[in-house]
$ cat upload35.pdb   # PDB, C-alpha atoms
ATOM      1  CA  MET A   1      26.853 -15.890   7.573
ATOM      2  CA  ASN A   2      24.673 -16.871   4.639
ATOM      3  CA  LEU A   3      21.131 -16.348   3.443
ATOM      4  CA  GLU A   4      19.993 -19.670   4.913
ATOM      5  CA  ASP A   5      20.366 -17.992   8.311
ATOM      6  CA  LEU A   6      17.245 -16.056   7.401
ATOM      7  CA  LYS A   7      15.221 -19.169   8.230
ATOM      8  CA  LYS A   8      16.140 -18.752  11.896
ATOM      9  CA  ILE A   9      14.883 -15.198  11.822
ATOM     10  CA  ARG A  10      11.764 -16.446  10.096
ATOM     11  CA  GLU A  11      10.947 -18.861  12.910
ATOM     12  CA  LYS A  12      11.699 -16.324  15.576
ATOM     13  CA  ALA A  13       9.926 -13.394  13.976
ATOM     14  CA  GLN A  14       6.793 -15.110  12.732
ATOM     15  CA  LYS A  15       5.089 -14.448  16.053
ATOM     16  CA  ASP A  16       5.126 -10.689  15.872
ATOM     17  CA  VAL A  17       4.452 -10.635  12.152
ATOM     18  CA  GLU A  18       0.723 -11.145  12.588
ATOM     19  CA  LEU A  19       0.691  -8.232  14.968
ATOM     20  CA  ARG A  20       2.649  -6.054  12.615
ATOM     21  CA  GLN A  21       0.594  -6.879   9.549
ATOM     22  CA  LYS A  22      -2.483  -5.333  11.098
ATOM     23  CA  GLN A  23      -1.040  -1.854  10.922
ATOM     24  CA  ALA A  24       2.356  -0.427  11.620
ATOM     25  CA  ARG A  25       2.068   2.067  14.461
ATOM     26  CA  ILE A  26       4.395   4.546  12.833
ATOM     27  CA  ARG A  27       5.371   5.058   9.213
ATOM     28  CA  VAL A  28       8.552   6.985   8.417
ATOM     29  CA  VAL A  29       8.794   8.236   4.840
ATOM     30  CA  VAL A  30      12.054   9.682   3.503
ATOM     31  CA  GLY A  31      12.081  11.828   0.342
ATOM     32  CA  MET A  32      14.562  10.392  -2.154
ATOM     33  CA  GLY A  33      14.517  12.633  -5.204
ATOM     34  CA  THR A  34      17.691  13.908  -6.848
ATOM     35  CA  SER A  35      18.007  16.885  -4.516
ATOM     36  CA  GLY A  36      17.302  14.732  -1.460
ATOM     37  CA  ILE A  37      19.925  12.172  -2.434
ATOM     38  CA  ALA A  38      22.456  14.890  -3.237
ATOM     39  CA  SER A  39      21.932  16.419   0.205
ATOM     40  CA  GLY A  40      22.279  13.187   2.160
ATOM     41  CA  ALA A  41      18.867  11.468   2.158
ATOM     42  CA  ARG A  42      20.448   8.035   1.839
ATOM     43  CA  GLU A  43      22.355   8.519   5.109
ATOM     44  CA  VAL A  44      19.136   9.688   6.768
ATOM     45  CA  LEU A  45      17.171   6.695   5.495
ATOM     46  CA  LYS A  46      19.966   4.366   6.522
ATOM     47  CA  THR A  47      20.048   5.830  10.011
ATOM     48  CA  PHE A  48      16.306   5.289  10.483
ATOM     49  CA  VAL A  49      16.506   1.775   9.070
ATOM     50  CA  GLU A  50      19.474   0.776  11.231
ATOM     51  CA  GLU A  51      18.119   2.367  14.411
ATOM     52  CA  ILE A  52      14.832   0.533  13.917
ATOM     53  CA  GLY A  53      16.738  -2.712  13.406
ATOM     54  CA  ARG A  54      18.989  -2.085  16.381
ATOM     55  CA  ARG A  55      16.145  -1.165  18.731
ATOM     56  CA  ASN A  56      13.929  -3.926  17.351
ATOM     57  CA  LEU A  57      11.023  -1.538  16.747
ATOM     58  CA  THR A  58       8.699  -4.071  15.146
ATOM     59  CA  ASP A  59       5.798  -1.626  14.845
ATOM     60  CA  VAL A  60       7.678   0.976  12.772
ATOM     61  CA  VAL A  61       8.058   0.889   8.995
ATOM     62  CA  VAL A  62      10.494   3.028   6.994
ATOM     63  CA  THR A  63       9.926   3.647   3.301
ATOM     64  CA  GLN A  64      11.255   5.954   0.617
ATOM     65  CA  THR A  65       9.353   8.249  -1.695
ATOM     66  CA  GLY A  66      10.215  10.566  -4.588
ATOM     67  CA  GLU A  67      10.912  14.276  -4.770
ATOM     68  CA  LYS A  68       9.146  16.280  -2.068
ATOM     69  CA  GLY A  69       9.132  19.544  -3.974
ATOM     70  CA  LEU A  70      10.971  21.636  -1.407
ATOM     71  CA  ALA A  71      14.568  21.167  -2.453
ATOM     72  CA  SER A  72      15.968  23.757  -0.049
ATOM     73  CA  ARG A  73      14.838  21.740   2.992
ATOM     74  CA  GLU A  74      15.977  18.304   1.844
ATOM     75  CA  PRO A  75      16.541  15.731   3.185
ATOM     76  CA  MET A  76      12.948  15.630   4.367
ATOM     77  CA  VAL A  77      11.271  13.031   6.541
ATOM     78  CA  GLU A  78       7.558  12.571   7.219
ATOM     79  CA  ILE A  79       6.319  10.713  10.272
ATOM     80  CA  PHE A  80       2.813   9.265  10.118
ATOM     81  CA  GLU A  81       1.276   8.018  13.312
ATOM     82  CA  GLU A  82      -2.301   6.936  13.642
ATOM     83  CA  GLY A  83      -4.483   9.487  15.436
ATOM     84  CA  LYS A  84      -1.724  12.115  15.502
ATOM     85  CA  PRO A  85      -0.776  14.985  13.189
ATOM     86  CA  VAL A  86       1.766  14.232  10.458
ATOM     87  CA  VAL A  87       5.119  15.765  11.332
ATOM     88  CA  ILE A  88       7.486  16.816   8.531
ATOM     89  CA  TYR A  89      11.134  17.272   9.392
ATOM     90  CA  GLY A  90      13.491  19.213   7.128
ATOM     91  CA  SER A  91      17.249  19.577   6.617
ATOM     92  CA  MET A  92      17.791  16.235   8.299
ATOM     93  CA  ASP A  93      21.047  14.431   8.855
ATOM     94  CA  SER A  94      22.129  11.268  10.589
ATOM     95  CA  GLU A  95      22.485  12.808  14.082
ATOM     96  CA  LYS A  96      19.103  14.552  13.894
ATOM     97  CA  SER A  97      17.542  11.307  12.707
ATOM     98  CA  LYS A  98      18.848   9.456  15.754
ATOM     99  CA  ARG A  99      17.286  12.095  17.986
ATOM    100  CA  VAL A 100      13.954  11.783  16.157
ATOM    101  CA  VAL A 101      14.029   7.999  16.663
ATOM    102  CA  VAL A 102      14.577   8.344  20.408
ATOM    103  CA  GLU A 103      12.406  11.351  21.203
ATOM    104  CA  HIS A 104       9.604  11.100  18.675
ATOM    105  CA  ILE A 105       9.301   7.444  17.701
ATOM    106  CA  VAL A 106      10.229   5.799  20.992
ATOM    107  CA  ASN A 107       9.074   8.428  23.496
ATOM    108  CA  GLY A 108       6.276  10.103  21.537
ATOM    109  CA  ASN A 109       7.577  13.683  21.678
ATOM    110  CA  PRO A 110       8.139  15.286  18.247
ATOM    111  CA  VAL A 111      11.394  17.233  17.993
ATOM    112  CA  THR A 112       9.844  20.631  17.291
ATOM    113  CA  GLU A 113      13.096  22.394  16.432
ATOM    114  CA  TYR A 114      13.583  20.165  13.353
ATOM    115  CA  ALA A 115       9.934  20.177  12.292
ATOM    116  CA  ILE A 116       9.061  22.361   9.310
ATOM    117  CA  GLU A 117       5.396  21.466   9.213
ATOM    118  CA  VAL A 118       2.821  19.738  11.375
ATOM    119  CA  MET A 119      -0.425  18.824   9.635
TER     120      MET A 119
ATOM    121  CA  MET B 120      26.670  17.118  -6.554
ATOM    122  CA  MET B 121      26.513  13.352  -7.065
ATOM    123  CA  ASP B 122      29.862  12.429  -5.630
ATOM    124  CA  GLU B 123      29.525   8.649  -5.763
ATOM    125  CA  ILE B 124      28.449   6.049  -8.306
ATOM    126  CA  ALA B 125      26.344   4.591  -5.482
ATOM    127  CA  SER B 126      24.393   7.881  -5.234
ATOM    128  CA  HIS B 127      23.776   7.873  -8.978
ATOM    129  CA  ILE B 128      22.350   4.382  -8.575
ATOM    130  CA  MET B 129      19.954   5.561  -5.833
ATOM    131  CA  ASP B 130      18.788   8.327  -8.088
ATOM    132  CA  ILE B 131      18.249   6.269 -11.233
ATOM    133  CA  VAL B 132      16.453   3.583  -9.228
ATOM    134  CA  ALA B 133      14.209   6.307  -7.762
ATOM    135  CA  ASN B 134      13.005   6.915 -11.339
ATOM    136  CA  SER B 135      12.249   3.206 -11.729
ATOM    137  CA  LEU B 136      10.226   3.320  -8.514
ATOM    138  CA  THR B 137       8.320   6.376  -9.763
ATOM    139  CA  ALA B 138       7.635   4.364 -12.924
ATOM    140  CA  ARG B 139       6.006   1.724 -10.669
ATOM    141  CA  ALA B 140       8.593  -0.956 -11.384
ATOM    142  CA  LYS B 141       8.175  -4.218  -9.487
ATOM    143  CA  ASN B 142      11.476  -5.775 -10.568
ATOM    144  CA  ILE B 143      14.706  -3.805 -10.802
ATOM    145  CA  SER B 144      18.161  -5.115 -11.573
ATOM    146  CA  VAL B 145      21.359  -3.216 -10.852
ATOM    147  CA  VAL B 146      24.589  -4.550 -12.310
ATOM    148  CA  ILE B 147      27.999  -3.004 -11.722
ATOM    149  CA  GLU B 148      30.898  -4.630 -13.439
ATOM    150  CA  LYS B 149      34.545  -3.707 -13.503
ATOM    151  CA  CYS B 150      36.101  -5.365 -16.499
ATOM    152  CA  VAL B 151      39.192  -7.453 -15.835
ATOM    153  CA  ASP B 152      40.911  -6.767 -19.109
ATOM    154  CA  GLY B 153      40.669  -3.005 -19.357
ATOM    155  CA  PRO B 154      39.819   0.265 -17.624
ATOM    156  CA  LEU B 155      36.086  -0.129 -18.128
ATOM    157  CA  LEU B 156      33.326   0.136 -15.546
ATOM    158  CA  ILE B 157      29.813  -0.828 -16.620
ATOM    159  CA  LEU B 158      26.614   0.163 -14.840
ATOM    160  CA  ASP B 159      23.333  -1.307 -16.005
ATOM    161  CA  ILE B 160      19.970  -0.543 -14.378
ATOM    162  CA  LYS B 161      16.893  -2.208 -15.771
ATOM    163  CA  ASP B 162      13.289  -2.059 -14.651
ATOM    164  CA  ASP B 163       9.849  -3.335 -15.631
ATOM    165  CA  GLY B 164       8.105  -0.015 -14.965
ATOM    166  CA  ILE B 165       5.719   1.887 -17.225
ATOM    167  CA  GLY B 166       8.486   2.877 -19.654
ATOM    168  CA  MET B 167       8.599   5.902 -21.950
ATOM    169  CA  ASP B 168       8.027   6.710 -25.592
ATOM    170  CA  ASN B 169      10.943   8.027 -27.674
ATOM    171  CA  GLU B 170      10.038  11.659 -27.167
ATOM    172  CA  MET B 171      10.000  11.346 -23.371
ATOM    173  CA  ALA B 172      13.156   9.224 -23.426
ATOM    174  CA  MET B 173      14.945  12.102 -25.165
ATOM    175  CA  LYS B 174      13.489  14.732 -22.858
ATOM    176  CA  VAL B 175      14.566  13.056 -19.616
ATOM    177  CA  GLN B 176      18.169  13.226 -20.834
ATOM    178  CA  ASP B 177      17.958  16.983 -21.276
ATOM    179  CA  PRO B 178      18.807  18.948 -18.123
ATOM    180  CA  PHE B 179      17.025  22.038 -19.440
ATOM    181  CA  PHE B 180      13.712  20.324 -19.953
ATOM    182  CA  SER B 181      11.791  21.931 -17.119
ATOM    183  CA  THR B 182      10.593  20.031 -14.096
ATOM    184  CA  LYS B 183       7.629  22.379 -13.992
ATOM    185  CA  THR B 184       5.945  20.920 -17.050
ATOM    186  CA  GLY B 185       4.908  17.716 -15.427
ATOM    187  CA  ARG B 186       8.276  16.053 -15.456
ATOM    188  CA  LYS B 187       8.267  13.181 -13.020
ATOM    189  CA  VAL B 188      11.974  12.445 -13.028
ATOM    190  CA  GLY B 189      14.637  14.670 -11.530
ATOM    191  CA  LEU B 190      18.033  15.621 -12.846
ATOM    192  CA  GLY B 191      19.425  12.189 -12.127
ATOM    193  CA  ILE B 192      19.598  11.020 -15.724
ATOM    194  CA  PRO B 193      21.397  14.093 -17.184
ATOM    195  CA  LEU B 194      23.779  14.044 -14.202
ATOM    196  CA  LEU B 195      24.693  10.407 -14.763
ATOM    197  CA  LYS B 196      25.014  10.941 -18.504
ATOM    198  CA  GLY B 197      27.294  13.926 -17.870
ATOM    199  CA  THR B 198      29.486  11.947 -15.490
ATOM    200  CA  ALA B 199      29.818   9.035 -17.914
ATOM    201  CA  GLU B 200      30.638  11.237 -20.877
ATOM    202  CA  THR B 201      33.134  13.314 -18.887
ATOM    203  CA  THR B 202      35.163  10.174 -18.275
ATOM    204  CA  GLY B 203      35.045   9.286 -21.967
ATOM    205  CA  GLY B 204      32.373   6.673 -21.397
ATOM    206  CA  THR B 205      28.982   6.090 -22.984
ATOM    207  CA  PHE B 206      25.328   6.432 -22.037
ATOM    208  CA  CYS B 207      22.474   4.466 -23.545
ATOM    209  CA  LEU B 208      18.835   4.624 -22.511
ATOM    210  CA  THR B 209      16.317   2.246 -24.031
ATOM    211  CA  SER B 210      12.683   2.269 -23.069
ATOM    212  CA  GLU B 211       9.394   0.940 -24.248
ATOM    213  CA  PRO B 212       5.991   2.022 -22.946
ATOM    214  CA  GLY B 213       4.446  -0.745 -20.894
ATOM    215  CA  ARG B 214       7.646  -2.792 -20.767
ATOM    216  CA  GLY B 215      10.245  -0.855 -18.857
ATOM    217  CA  THR B 216      13.460   1.067 -19.118
ATOM    218  CA  GLU B 217      17.110   0.128 -19.232
ATOM    219  CA  ILE B 218      19.999   2.493 -18.702
ATOM    220  CA  ARG B 219      23.423   1.229 -19.617
ATOM    221  CA  VAL B 220      26.426   3.374 -18.838
ATOM    222  CA  THR B 221      30.132   2.834 -19.261
ATOM    223  CA  PHE B 222      32.896   4.790 -17.589
ATOM    224  CA  ASN B 223      36.576   4.942 -18.325
ATOM    225  CA  ALA B 224      37.781   3.631 -14.974
ATOM    226  CA  ASP B 225      41.187   5.289 -15.334
ATOM    227  CA  HIS B 226      39.788   8.776 -15.864
ATOM    228  CA  PRO B 227      40.549  11.208 -12.999
ATOM    229  CA  ASP B 228      36.964  12.494 -13.026
ATOM    230  CA  LEU B 229      35.448   9.085 -12.357
ATOM    231  CA  PRO B 230      33.645   9.385  -9.019
ATOM    232  CA  PRO B 231      34.404   6.705  -6.423
ATOM    233  CA  LEU B 232      32.028   3.772  -6.249
ATOM    234  CA  GLY B 233      31.037   5.057  -2.812
ATOM    235  CA  ASN B 234      28.879   3.383  -0.252
ATOM    236  CA  LEU B 235      27.240   0.634  -2.246
ATOM    237  CA  LYS B 236      26.241  -1.153   0.942
ATOM    238  CA  ASP B 237      24.006   1.678   2.138
ATOM    239  CA  THR B 238      22.456   2.027  -1.298
ATOM    240  CA  ILE B 239      21.572  -1.669  -1.454
ATOM    241  CA  LEU B 240      20.317  -1.751   2.136
ATOM    242  CA  VAL B 241      18.027   1.274   1.936
ATOM    243  CA  LEU B 242      16.631   0.347  -1.474
ATOM    244  CA  THR B 243      15.875  -3.197  -0.313
ATOM    245  CA  VAL B 244      14.171  -2.388   2.969
ATOM    246  CA  GLY B 245      12.766   1.013   1.946
ATOM    247  CA  ASN B 246      10.819  -0.591  -0.909
ATOM    248  CA  PRO B 247       9.668  -3.932   0.480
ATOM    249  CA  GLU B 248       7.187  -4.550  -2.340
ATOM    250  CA  VAL B 249       9.866  -4.331  -5.066
ATOM    251  CA  ASN B 250      12.235  -7.168  -6.017
ATOM    252  CA  PHE B 251      15.834  -6.138  -6.575
ATOM    253  CA  LEU B 252      18.642  -8.030  -8.173
ATOM    254  CA  PHE B 253      22.024  -6.550  -7.291
ATOM    255  CA  ARG B 254      25.175  -7.809  -8.940
ATOM    256  CA  TYR B 255      28.628  -6.389  -8.343
ATOM    257  CA  LYS B 256      31.607  -7.922 -10.046
ATOM    258  CA  ASN B 257      35.227  -6.908 -10.088
ATOM    259  CA  SER B 258      38.478  -8.705 -10.777
ATOM    260  CA  VAL B 259      38.581 -10.394  -7.365
ATOM    261  CA  LYS B 260      34.984 -11.211  -6.496
ATOM    262  CA  GLU B 261      31.380 -11.330  -7.465
ATOM    263  CA  PHE B 262      28.504 -10.367  -5.208
ATOM    264  CA  LEU B 263      24.921 -11.272  -5.994
ATOM    265  CA  LEU B 264      21.803 -10.475  -3.996
ATOM    266  CA  ASP B 265      18.345 -11.403  -5.211
ATOM    267  CA  THR B 266      15.806  -9.948  -2.799
ATOM    268  CA  ALA B 267      13.090 -12.246  -4.204
ATOM    269  CA  GLU B 268      15.173 -15.137  -2.876
ATOM    270  CA  VAL B 269      15.464 -13.406   0.490
ATOM    271  CA  LYS B 270      11.690 -12.990   0.613
ATOM    272  CA  ASP B 271      11.202 -16.663  -0.251
ATOM    273  CA  LEU B 272      13.451 -17.696   2.601
ATOM    274  CA  LEU B 273      11.611 -15.367   4.956
ATOM    275  CA  GLY B 274       8.178 -16.825   4.276
ATOM    276  CA  GLY B 275       5.705 -14.310   5.622
ATOM    277  CA  VAL B 276       8.227 -12.274   7.589
ATOM    278  CA  PRO B 277       8.592  -8.873   5.905
ATOM    279  CA  ILE B 278      11.966  -7.919   4.479
ATOM    280  CA  ASN B 279      11.811  -4.680   6.497
ATOM    281  CA  HIS B 280      11.385  -6.477   9.812
ATOM    282  CA  PRO B 281      13.953  -5.109  12.302
ATOM    283  CA  GLU B 282      15.745  -8.440  12.653
ATOM    284  CA  VAL B 283      15.973  -8.813   8.890
ATOM    285  CA  ILE B 284      17.329  -5.268   8.565
ATOM    286  CA  SER B 285      20.071  -6.060  11.077
ATOM    287  CA  PHE B 286      20.804  -9.327   9.296
ATOM    288  CA  LEU B 287      21.060  -7.684   5.872
ATOM    289  CA  SER B 288      23.299  -4.950   7.221
ATOM    290  CA  LYS B 289      25.744  -7.521   8.598
ATOM    291  CA  TYR B 290      25.408  -9.729   5.544
ATOM    292  CA  LEU B 291      26.357  -6.856   3.253
ATOM    293  CA  ASP B 292      29.300  -5.918   5.480
ATOM    294  CA  GLU B 293      30.546  -9.464   5.207
ATOM    295  CA  HIS B 294      29.943 -10.293   1.566
ATOM    296  CA  LEU B 295      29.948  -7.101  -0.483
TER     297      LEU B 295
END
$ encode --input "upload35.pdb" --output "structure tokens"
Amino acid sequence: MNLEDLKKIREKAQKDVELRQKQARIRVVVGMGTSGIASGAREVLKTFVEEIGRRNLTDVVVTQTGEKGLASREPMVEIFEEGKPVVIYGSMDSEKSKRVVVEHIVNGNPVTEYAIEVM
Amino acid sequence: MMDEIASHIMDIVANSLTARAKNISVVIEKCVDGPLLILDIKDDGIGMDNEMAMKVQDPFFSTKTGRKVGLGIPLLKGTAETTGGTFCLTSEPGRGTEIRVTFNADHPDLPPLGNLKDTILVLTVGNPEVNFLFRYKNSVKEFLLDTAEVKDLLGGVPINHPEVISFLSKYLDEHL
């Protein structure tokens, strides 16, 4: 496996790129300040990233942001979806993240028991 | 609290991202001829003046007075100095910041390198607009990943495209 293999992906993926560039349907933002990282935010971000890769969710984008200012509920994850309220999840871990991918991102039902705020 | 070198890296790079860096290099080098581990993180962000550069190293400088960086820098400095290593931060407003740390690799308090793969993967795809250069060298191998090169090879396909994420994950498993 080497980086040249990326060219194959490039040919294959170029089709859905135009679609995706318009606007990602869902944006997942993981807080990555010191307290977030110390409480496992990297594992949470990795879980979202890998699940999105594994399920080939081409209309979902995962990004990181800085300190969220609520250290006691880190790791925190915000889900932005056009036309829907922003859902903020707190005290996340890898298992909870997998559930959020399936129930919220794929099936459209926020996992209310993990949500700390809906705006 | 920070139980891995790889977590320290995440945290220091988070500062670079807050400083709006567009190019960040992360070099980890285990010297062949002695118990020395070097970590060097360099960015082209907004940088700091001398006063701020001193303040961010002080854990008791309050976060409530407009501080934009967390405790990551004092934590890393503490870890390095505990092992008998060194910490050096150089910064220039408008040009960027470089943090160079050495650890005594034989010291019992040296944290493990940890999951470098996850750190590289999430930084790369979680910040698609930033170019990263990762270099990891030890006595047996050298790993180099330039995400600008990856983006070149991908043409218009974003580096956080699901297929690229899966590729990078496997690539790191294989080469790192």
$ resolve_selection --input "upload35.pdb" --expression "the PyMOL selection byres ((chain A and resi 114) around 9)" --output "JSON, numbers by chain"
{"A": [88, 89, 90, 91, 92, 96, 100, 110, 111, 112, 113, 115, 116]}
$ atom_distance --input "upload35.pdb" --atom1 "CA of Val44 (chain A)" --atom2 "CA of Leu190 (chain B)"
20.5 Å
$ resolve_selection --input "upload35.pdb" --expression "the PyMOL selection byres ((chain B and resi 154-171) around 8)" --output "short mmCIF file (atom, residue, chain, number, x, y, z; two decimals) with C-alpha atoms, in the frame of the given file"
data_model
loop_
_atom_site.label_atom_id
_atom_site.label_comp_id
_atom_site.auth_asym_id
_atom_site.auth_seq_id
_atom_site.Cartn_x
_atom_site.Cartn_y
_atom_site.Cartn_z
CA ILE B 128 22.35 4.38 -8.57
CA ILE B 131 18.25 6.27 -11.23
CA VAL B 132 16.45 3.58 -9.23
CA SER B 135 12.25 3.21 -11.73
CA LEU B 136 10.23 3.32 -8.51
CA ALA B 138 7.64 4.36 -12.92
CA ARG B 139 6.01 1.72 -10.67
CA ALA B 140 8.59 -0.96 -11.38
CA LYS B 141 8.18 -4.22 -9.49
CA ASN B 142 11.48 -5.78 -10.57
CA ILE B 143 14.71 -3.80 -10.80
CA SER B 144 18.16 -5.12 -11.57
CA VAL B 145 21.36 -3.22 -10.85
CA VAL B 146 24.59 -4.55 -12.31
CA ILE B 147 28.00 -3.00 -11.72
CA GLU B 148 30.90 -4.63 -13.44
CA LYS B 149 34.54 -3.71 -13.50
CA CYS B 150 36.10 -5.36 -16.50
CA VAL B 151 39.19 -7.45 -15.84
CA ASP B 152 40.91 -6.77 -19.11
CA GLY B 153 40.67 -3.00 -19.36
CA ALA B 172 13.16 9.22 -23.43
CA MET B 173 14.94 12.10 -25.16
CA LYS B 174 13.49 14.73 -22.86
CA VAL B 175 14.57 13.06 -19.62
CA SER B 210 12.68 2.27 -23.07
CA GLU B 211 9.39 0.94 -24.25
CA PRO B 212 5.99 2.02 -22.95
CA GLY B 213 4.45 -0.74 -20.89
CA ARG B 214 7.65 -2.79 -20.77
CA GLY B 215 10.24 -0.86 -18.86
CA THR B 216 13.46 1.07 -19.12
CA GLU B 217 17.11 0.13 -19.23
CA ILE B 218 20.00 2.49 -18.70
CA ARG B 219 23.42 1.23 -19.62
CA VAL B 220 26.43 3.37 -18.84
CA THR B 221 30.13 2.83 -19.26
CA PHE B 222 32.90 4.79 -17.59
CA ASN B 223 36.58 4.94 -18.32
CA ALA B 224 37.78 3.63 -14.97
CA ASP B 225 41.19 5.29 -15.33
#
$ resolve_selection --input "upload35.pdb" --expression "the ChimeraX specification (/A :<7) & /B" --output "mmCIF file with C-alpha atoms, in the frame of the given file"
data_model
loop_
_atom_site.group_PDB
_atom_site.id
_atom_site.type_symbol
_atom_site.label_atom_id
_atom_site.label_comp_id
_atom_site.auth_asym_id
_atom_site.auth_seq_id
_atom_site.Cartn_x
_atom_site.Cartn_y
_atom_site.Cartn_z
ATOM 1 C CA MET B 120 26.670 17.118 -6.554
ATOM 2 C CA MET B 121 26.513 13.352 -7.065
ATOM 3 C CA SER B 126 24.393 7.881 -5.234
ATOM 4 C CA ASP B 130 18.788 8.327 -8.088
ATOM 5 C CA ALA B 133 14.209 6.307 -7.762
ATOM 6 C CA THR B 137 8.320 6.376 -9.763
ATOM 7 C CA GLY B 189 14.637 14.670 -11.530
ATOM 8 C CA LEU B 190 18.033 15.621 -12.846
ATOM 9 C CA GLY B 191 19.425 12.189 -12.127
ATOM 10 C CA ASP B 237 24.006 1.678 2.138
ATOM 11 C CA VAL B 241 18.027 1.274 1.936
ATOM 12 C CA GLY B 245 12.766 1.013 1.946
ATOM 13 C CA ASN B 246 10.819 -0.591 -0.909
ATOM 14 C CA LEU B 272 13.451 -17.696 2.601
ATOM 15 C CA LEU B 273 11.611 -15.367 4.956
ATOM 16 C CA GLY B 274 8.178 -16.825 4.276
ATOM 17 C CA VAL B 276 8.227 -12.274 7.589
ATOM 18 C CA HIS B 280 11.385 -6.477 9.812
ATOM 19 C CA PRO B 281 13.953 -5.109 12.302
ATOM 20 C CA GLU B 282 15.745 -8.440 12.653
ATOM 21 C CA ILE B 284 17.329 -5.268 8.565
ATOM 22 C CA SER B 285 20.071 -6.060 11.077
ATOM 23 C CA TYR B 290 25.408 -9.729 5.544
#
$ atom_distance --input "upload35.pdb" --atom1 "CA of Ala125 (chain B)" --atom2 "CA of Glu268 (chain B)"
22.8 Å
$ decode --input "upload35.pdb" --residues "region 287-292 of chain B" --atoms "all heavy atoms" --output "PDB file, in the first residue's frame"
ATOM      1  N   LEU B 287      -6.282   6.135   4.743  1.00  0.00           N
ATOM      2  CA  LEU B 287      -5.252   6.658   5.645  1.00  0.00           C
ATOM      3  C   LEU B 287      -5.118   5.800   6.897  1.00  0.00           C
ATOM      4  O   LEU B 287      -4.018   5.569   7.399  1.00  0.00           O
ATOM      5  CB  LEU B 287      -5.568   8.108   6.029  1.00  0.00           C
ATOM      6  CG  LEU B 287      -5.374   9.151   4.918  1.00  0.00           C
ATOM      7  CD1 LEU B 287      -5.911  10.510   5.364  1.00  0.00           C
ATOM      8  CD2 LEU B 287      -3.902   9.275   4.520  1.00  0.00           C
ATOM      9  N   SER B 288      -6.258   5.322   7.386  1.00  0.00           N
ATOM     10  CA  SER B 288      -6.236   4.475   8.573  1.00  0.00           C
ATOM     11  C   SER B 288      -5.408   3.219   8.315  1.00  0.00           C
ATOM     12  O   SER B 288      -4.550   2.842   9.118  1.00  0.00           O
ATOM     13  CB  SER B 288      -7.681   4.133   8.962  1.00  0.00           C
ATOM     14  OG  SER B 288      -7.675   3.287  10.070  1.00  0.00           O
ATOM     15  N   LYS B 289      -5.643   2.592   7.168  1.00  0.00           N
ATOM     16  CA  LYS B 289      -4.886   1.378   6.823  1.00  0.00           C
ATOM     17  C   LYS B 289      -3.429   1.717   6.531  1.00  0.00           C
ATOM     18  O   LYS B 289      -2.521   0.989   6.924  1.00  0.00           O
ATOM     19  CB  LYS B 289      -5.512   0.697   5.592  1.00  0.00           C
ATOM     20  CG  LYS B 289      -6.792  -0.045   5.909  1.00  0.00           C
ATOM     21  CD  LYS B 289      -7.253  -0.867   4.696  1.00  0.00           C
ATOM     22  CE  LYS B 289      -8.763  -0.923   4.627  1.00  0.00           C
ATOM     23  NZ  LYS B 289      -9.338  -0.316   3.428  1.00  0.00           N
ATOM     24  N   TYR B 290      -3.229   2.813   5.845  1.00  0.00           N
ATOM     25  CA  TYR B 290      -1.867   3.235   5.496  1.00  0.00           C
ATOM     26  C   TYR B 290      -1.021   3.438   6.756  1.00  0.00           C
ATOM     27  O   TYR B 290       0.126   2.998   6.833  1.00  0.00           O
ATOM     28  CB  TYR B 290      -1.939   4.516   4.660  1.00  0.00           C
ATOM     29  CG  TYR B 290      -0.593   5.026   4.202  1.00  0.00           C
ATOM     30  CD1 TYR B 290       0.026   4.495   3.070  1.00  0.00           C
ATOM     31  CD2 TYR B 290       0.060   6.035   4.896  1.00  0.00           C
ATOM     32  CE1 TYR B 290       1.264   4.950   2.641  1.00  0.00           C
ATOM     33  CE2 TYR B 290       1.303   6.500   4.474  1.00  0.00           C
ATOM     34  CZ  TYR B 290       1.897   5.960   3.349  1.00  0.00           C
ATOM     35  OH  TYR B 290       3.125   6.412   2.940  1.00  0.00           O
ATOM     36  N   LEU B 291      -1.620   4.092   7.743  1.00  0.00           N
ATOM     37  CA  LEU B 291      -0.895   4.335   8.996  1.00  0.00           C
ATOM     38  C   LEU B 291      -0.618   3.028   9.730  1.00  0.00           C
ATOM     39  O   LEU B 291       0.458   2.841  10.293  1.00  0.00           O
ATOM     40  CB  LEU B 291      -1.683   5.303   9.882  1.00  0.00           C
ATOM     41  CG  LEU B 291      -1.739   6.758   9.389  1.00  0.00           C
ATOM     42  CD1 LEU B 291      -2.797   7.551  10.137  1.00  0.00           C
ATOM     43  CD2 LEU B 291      -0.381   7.434   9.528  1.00  0.00           C
ATOM     44  N   ASP B 292      -1.614   2.124   9.722  1.00  0.00           N
ATOM     45  CA  ASP B 292      -1.400   0.813  10.353  1.00  0.00           C
ATOM     46  C   ASP B 292      -0.193   0.115   9.733  1.00  0.00           C
ATOM     47  O   ASP B 292       0.588  -0.538  10.421  1.00  0.00           O
ATOM     48  CB  ASP B 292      -2.630  -0.087  10.150  1.00  0.00           C
ATOM     49  CG  ASP B 292      -3.705   0.198  11.182  1.00  0.00           C
ATOM     50  OD1 ASP B 292      -3.352   0.694  12.272  1.00  0.00           O
ATOM     51  OD2 ASP B 292      -4.892  -0.074  10.896  1.00  0.00           O
TER      52      ASP B 292
END
